[in-house]
Amino acid sequence: MPSLFNSNGPLLTGLPVLYNPIYLIPFILAPLVNMGTAAIAIALHWIPPVVYPVPIGTPGPLIAFIGTNGNVVALGLGLINLALSVAIYLPFMRLAEAIVRAAQQSVGGDSNA
């Protein structure tokens, strides 16, 4: 829940994201893809650049919407970027789960956990 309001410190500390090499690629790739899509949309004049300050704690997809004074296309781009980030992270999450399951089975632990 805190990560929805741009307070991702507890999420990164509580989950094995920071020190897990499997998540290094999407941790770097997802923001690059999001910034690239936003830069292309600004260059093509689909959305205006953000010119208004946005309060700290604003949910991620709403930052562009509020910062562009309510541009609906910017809101749509924020939702598209969220979907792109999920699509980038999903294969790596599945890989990490498969590795944990394989490690549990090799040790003889409970495979349902």
# chains A, B, ... in the order shown; residues from 1 in each chain; ligands from 1
call {"tool": "residues_around", "arguments": {"residues": "A:Pro26", "least_positions_apart": "2", "cutoff": "8 Å", "atoms": "only C-alpha atoms", "output": "list in words"}}
result
Tyr23, Leu24, Ile28, Leu29, Ala30, Ile88, Tyr89 and Phe92 of chain A
call {"tool": "write_last_selection", "arguments": {"atoms": "all heavy atoms", "output": "CSV table (one decimal), in the first residue's frame"}}
result
chain,number,residue,atom,x,y,z
A,23,TYR,N,16.3,-9.3,-9.9
A,23,TYR,CA,15.5,-8.1,-10.1
A,23,TYR,C,16.3,-6.9,-10.5
A,23,TYR,O,15.7,-5.8,-10.7
A,23,TYR,CB,14.7,-7.7,-8.8
A,23,TYR,CG,13.7,-8.7,-8.3
A,23,TYR,CD1,13.7,-9.2,-7.0
A,23,TYR,CD2,12.8,-9.3,-9.2
A,23,TYR,CE1,12.8,-10.2,-6.6
A,23,TYR,CE2,11.9,-10.2,-8.8
A,23,TYR,CZ,11.9,-10.6,-7.5
A,23,TYR,OH,11.0,-11.6,-7.1
A,24,LEU,N,17.5,-7.0,-10.7
A,24,LEU,CA,18.4,-5.9,-11.2
A,24,LEU,C,18.0,-5.4,-12.6
A,24,LEU,O,17.9,-4.2,-12.8
A,24,LEU,CB,19.9,-6.3,-11.1
A,24,LEU,CG,20.8,-5.2,-11.6
A,24,LEU,CD1,20.8,-4.0,-10.6
A,24,LEU,CD2,22.2,-5.7,-11.7
A,28,ILE,N,16.2,-1.6,-13.3
A,28,ILE,CA,16.8,-0.6,-14.2
A,28,ILE,C,16.0,-0.4,-15.5
A,28,ILE,O,15.8,0.8,-15.9
A,28,ILE,CB,18.3,-1.0,-14.5
A,28,ILE,CG1,19.1,-0.9,-13.2
A,28,ILE,CG2,18.9,0.0,-15.6
A,28,ILE,CD1,20.5,-1.5,-13.4
A,29,LEU,N,15.5,-1.4,-16.1
A,29,LEU,CA,14.8,-1.4,-17.4
A,29,LEU,C,13.5,-0.7,-17.3
A,29,LEU,O,13.2,0.1,-18.2
A,29,LEU,CB,14.7,-2.8,-17.9
A,29,LEU,CG,14.1,-2.9,-19.3
A,29,LEU,CD1,15.0,-2.2,-20.3
A,29,LEU,CD2,13.9,-4.3,-19.7
A,30,ALA,N,12.7,-1.0,-16.3
A,30,ALA,CA,11.3,-0.4,-16.2
A,30,ALA,C,11.3,1.1,-16.2
A,30,ALA,O,10.6,1.8,-17.0
A,30,ALA,CB,10.6,-1.0,-15.0
A,88,ILE,N,7.1,-5.8,-17.6
A,88,ILE,CA,8.6,-6.0,-17.5
A,88,ILE,C,8.9,-6.8,-16.3
A,88,ILE,O,9.8,-7.7,-16.3
A,88,ILE,CB,9.3,-4.6,-17.5
A,88,ILE,CG1,9.2,-4.0,-18.9
A,88,ILE,CG2,10.8,-4.8,-17.1
A,88,ILE,CD1,9.7,-2.6,-18.9
A,89,TYR,N,8.3,-6.6,-15.1
A,89,TYR,CA,8.6,-7.3,-13.9
A,89,TYR,C,8.1,-8.7,-13.9
A,89,TYR,O,8.7,-9.6,-13.2
A,89,TYR,CB,8.1,-6.5,-12.7
A,89,TYR,CG,9.1,-5.6,-12.1
A,89,TYR,CD1,9.2,-4.2,-12.4
A,89,TYR,CD2,10.0,-6.1,-11.1
A,89,TYR,CE1,10.1,-3.4,-11.8
A,89,TYR,CE2,10.9,-5.2,-10.5
A,89,TYR,CZ,11.0,-3.9,-10.9
A,89,TYR,OH,11.9,-3.1,-10.3
A,92,PHE,N,10.4,-11.8,-14.5
A,92,PHE,CA,11.4,-11.9,-13.5
A,92,PHE,C,10.8,-12.4,-12.1
A,92,PHE,O,11.5,-13.1,-11.4
A,92,PHE,CB,12.2,-10.6,-13.3
A,92,PHE,CG,12.9,-10.2,-14.6
A,92,PHE,CD1,12.4,-9.4,-15.5
A,92,PHE,CD2,14.2,-10.7,-14.8
A,92,PHE,CE1,13.1,-9.1,-16.7
A,92,PHE,CE2,14.9,-10.4,-15.9
A,92,PHE,CZ,14.4,-9.6,-16.9
call {"tool": "closest_atom_pairs", "arguments": {"of": "stretch 57-92 of chain A", "to": "stretch 41-47 of chain A", "cutoff": "9 Å", "atoms": "only C-alpha atoms", "output": "JSON lines"}}
result
{"residue": "A:Thr68", "atom": "CA", "partner": "A:Ile47", "partner_atom": "CA", "distance": 8.0}
{"residue": "A:Asn71", "atom": "CA", "partner": "A:Ile47", "partner_atom": "CA", "distance": 7.3}
{"residue": "A:Val72", "atom": "CA", "partner": "A:Ile47", "partner_atom": "CA", "distance": 8.8}
{"residue": "A:Val73", "atom": "CA", "partner": "A:Ile47", "partner_atom": "CA", "distance": 6.4}
{"residue": "A:Ala74", "atom": "CA", "partner": "A:Ile47", "partner_atom": "CA", "distance": 5.8}
{"residue": "A:Leu77", "atom": "CA", "partner": "A:Ala41", "partner_atom": "CA", "distance": 8.4}
call {"tool": "closest_residue", "arguments": {"among": "A:Ala98, A:Val107, A:Ile40, A:Val54", "to": "A:Asn69", "atoms": "only C-alpha atoms"}}
result
A:Val54
call {"tool": "select_by_dssp", "arguments": {"residues": "stretch 38-83 of chain A", "states": "alpha helix (DSSP H)", "output": "PyMOL selection string"}}
result
chain A and resi 38-43+60-67+72-83
call {"tool": "closest_residue", "arguments": {"among": "A:Gly60, A:Met93, A:Val50, A:Ala103", "to": "A:Asn20", "atoms": "only C-alpha atoms"}}
result
A:Met93
call {"tool": "atom_distance", "arguments": {"atom1": "atom CA of A:Ala96", "atom2": "atom CA of A:Val33"}}
result
21.7 Å
call {"tool": "residues_around", "arguments": {"residues": "A:Leu75", "least_positions_apart": "5", "cutoff": "9 Å", "atoms": "only C-alpha atoms", "output": "mmCIF file with N, CA, C and O atoms, in the first residue's frame"}}
result
data_model
loop_
_atom_site.group_PDB
_atom_site.id
_atom_site.type_symbol
_atom_site.label_atom_id
_atom_site.label_comp_id
_atom_site.auth_asym_id
_atom_site.auth_seq_id
_atom_site.Cartn_x
_atom_site.Cartn_y
_atom_site.Cartn_z
ATOM 1 N N PRO A 61 0.646 6.980 -11.162
ATOM 2 C CA PRO A 61 -0.034 7.322 -12.414
ATOM 3 C C PRO A 61 -0.692 8.700 -12.413
ATOM 4 O O PRO A 61 -0.957 9.257 -13.471
ATOM 5 N N LEU A 62 -0.931 9.269 -11.232
ATOM 6 C CA LEU A 62 -1.576 10.580 -11.168
ATOM 7 C C LEU A 62 -0.593 11.746 -11.244
ATOM 8 O O LEU A 62 -1.010 12.892 -11.410
ATOM 9 N N ILE A 63 0.712 11.473 -11.115
ATOM 10 C CA ILE A 63 1.697 12.550 -11.108
ATOM 11 C C ILE A 63 1.654 13.337 -12.415
ATOM 12 O O ILE A 63 1.606 14.567 -12.412
ATOM 13 N N ALA A 64 1.664 12.650 -13.538
ATOM 14 C CA ALA A 64 1.628 13.343 -14.830
ATOM 15 C C ALA A 64 0.295 14.052 -15.033
ATOM 16 O O ALA A 64 0.244 15.147 -15.577
ATOM 17 N N PHE A 65 -0.783 13.446 -14.584
ATOM 18 C CA PHE A 65 -2.109 14.056 -14.732
ATOM 19 C C PHE A 65 -2.202 15.372 -13.968
ATOM 20 O O PHE A 65 -2.647 16.386 -14.503
ATOM 21 N N ILE A 66 -1.749 15.371 -12.726
ATOM 22 C CA ILE A 66 -1.808 16.585 -11.912
ATOM 23 C C ILE A 66 -0.778 17.601 -12.395
ATOM 24 O O ILE A 66 -1.052 18.794 -12.470
ATOM 25 N N GLY A 70 -4.246 18.378 -15.421
ATOM 26 C CA GLY A 70 -5.404 17.559 -15.742
ATOM 27 C C GLY A 70 -5.490 17.069 -17.167
ATOM 28 O O GLY A 70 -6.593 16.829 -17.673
ATOM 29 N N ILE A 80 -0.538 3.448 -18.907
ATOM 30 C CA ILE A 80 0.201 2.597 -19.851
ATOM 31 C C ILE A 80 1.590 2.291 -19.302
ATOM 32 O O ILE A 80 2.060 1.144 -19.378
#
